[in-house]
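Data first, discussion second: the structure below is written as structure tokens.
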Amino acid sequence: MTVSQLIWAIVKIAIMVGFVFNMAAVLTWFDRRGGAAIQDRVGPNRAVFKIFGKEFRLAGMLHPAADGLKFFTKEFFMPPRADKLLFRLAPILSMVPVLALVAVIPFGDTLCTSDLWHASKGGVLGYIFPAVPRYGVCAIAHVQGSTVFPVDLLVAPLDVGVLYVFAMAGQGIVGAAIAGWASDNKFSLMGALRAASQMVSYEVAMGISLIGAMMIYGTVRLDEMVRWQGEHTWGIFAQPLAFIVFYTAATAENKRIPFDLPEAESELVSGYFTEYSGMSFGMFYFAEYMEIITVAMLTTTIFLGGYNLPFLHRDGLTIAFGDNVLLHQSMPHIWVTIFQVHAFFAKVLGLCFLHAVIRWSLPRFRYDQLMKLGWRVLLPLSLANVVVTGVVYMAIAKGGASLWNGLDVVAQSTQALVAFVLTVATLRLVVGFLRKRTHERLIVGSAGKMAAAAGGTPVTPMQA
Amino acid sequence: MIATYAPIILIITIAFSLASLFFFGHRLLGGAAKFSPGRMEPFESGSESSGARHVKLSVKFYLTAILFVVFDIEVVFLYPWAVRFKELGWTGMGTMVGFLAVLVVGLVYVWKKGALEWES
């Protein structure tokens, strides 16, 4: 391992861990602010930052920082009969695996540093960042006695890929189970057992749902999965059922509403972290939001094309249906990489947004419904998915070259569909931001109609 | 080899140090809680705690754990096949369908036996 590789590793870890940490803080804000928007409330807006007599509230964005400070200064409480070591270890154990999990998730294509190095000797601006070929591996260059390796934009290119993810995700159970066991509290223990049994139940469905995807991709390496999706079609089109099962199971894995039975307030006080105070509690809370981000990253990588944008390949923009190349625009390698990295993180944030919307729109399941969904619905569905995928693939493999070419065109059409949907969504967002705000009132129910007939309820200053 | 696995060790070390920083930062800044008889009781929403703290729990949790072990081992056997699925062709497919059939029989068995009931 050379020094430059070590530096790159540290930079990549800083990017991934930094993103997970900071976005978890932003998500704690968004969860409350977005929830307020959905429920037509104002939401958090009290935390204030004063400078030169001016107040900055930043739409409540300062709340995560205020929360963090407050968490740190709360006194550390431990029940007298708690298990001293395990009680202290549990919050650390719940936080570590989430951070370690991001090591195998690729956030960009391989950066061909040697090509950049060679070209920079040219000195002409247009020549500094050349395009690289679409296929093949990057060359290893020898510059002034030292070797320049291509840089994989993922922390560790492990061959076991997805298995490492499962190994790390499985450790999350340990933190919750230990916390409940060591807390010396009935409700904590029940919460911990619920958490453990829920997480192991959904882990089975999650594992089997990915088998179908792996059969199509033919690998467990996450970077190769993303590359396959870039060349063909996104996983969500190749394996729609696996996507649904995986996303549901993953939501259940990180114990979010509608699956938040382990910390059901109305039944179990606060579940397995009832007895924790201050930042020790904050670590469980924070780990939950970091899990949302890692789950969003995994879903993006396996089913939503990872860093791929439609028609954008390593050599530039190529719009082609079958053999008809409609457009080919060569693009500098560095620009393609920048677009791809941004695309990855944008997709992750989009999925986090979806998570918040789900959290505020669905009620909590009953415990038996939760377990039944895992064992009686998702598990048989994922098993059926494996068999159906196998049979369909074998049938297509017999179909010959013309069928494959037809499928290629279908795959490229899905890319066109994605490009269309993304464009429309972006335009809609821009229009939504630019449009003048109007208040629309939806009148639901007879009480609302009676109030509307009487001229409406008086408008308070907060609503106006 | 070392270039592949060293970043993993690095990221786990960083994760541990960050988590420890959070935890010990809280210990240092917050200080230990002062003793008072009321707050040392287990928190059960204000009602007095009674009976043993480590209560007896439903056997369902134990069953779930056993089922998890059974079906998760199945996943372990499926991974290598899934990766080589395209090369193995119909032979591999037939073998795996046989393997899955045995497990589906097992699933049907535990279902009919009532291991997948949680209301009672």
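Naming scheme: A, B, ... for chains in displayed order of the structure tokens; residues 1 onward per chain; ligands 1 onward as shown.
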
* **Within 7 Å of chain B: residues of chain A, using only C-alpha atoms, as an MDAnalysis selection string** => chainID A and resid 1 9 13 72:77 79:80 92 95:96 99:100 103 155:158 184:186 197 200:201 204 207:208 211 214:215 218:220 269 279:280 368 372 387 390

* **Members of region 185-404 of chain A assigned helix (DSSP H, G or I) by DSSP, as a ChimeraX atom specification** => /A:186-217,222-231,235-238,240-253,261-263,265-268,271-273,278-303,333-361,367-398,401-404

* Asked: What's the 10 Å shell around region 172-182 of chain A, counting only C-alpha atoms, without same-chain residues fewer than 6 positions away, as JSON, numbers by chain?
  -> {"A": [78, 79, 81, 82, 83, 84, 85, 86, 87, 88, 89, 90, 91, 92, 93, 94, 95, 96, 97, 98, 188, 189, 190, 191, 192, 193, 194, 195, 196, 197, 198, 199, 200, 253, 254, 262, 271, 272, 273, 274, 275, 276, 284, 287, 288, 291], "B": [53, 54]}

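Considering only C-alpha atoms, the residue among A:Asn45, A:Thr113, A:Ser266, A:Thr301 positioned nearest to His333 (chain A) is A:Thr113.
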
* Which residue of A:Lys50, A:Pro332, A:Asp31, A:Ala59 approaches Cys112 (chain A) most closely, using only C-alpha atoms ->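 Checking each candidate against Cys112 (chain A), we get A:Pro332 as the closest.
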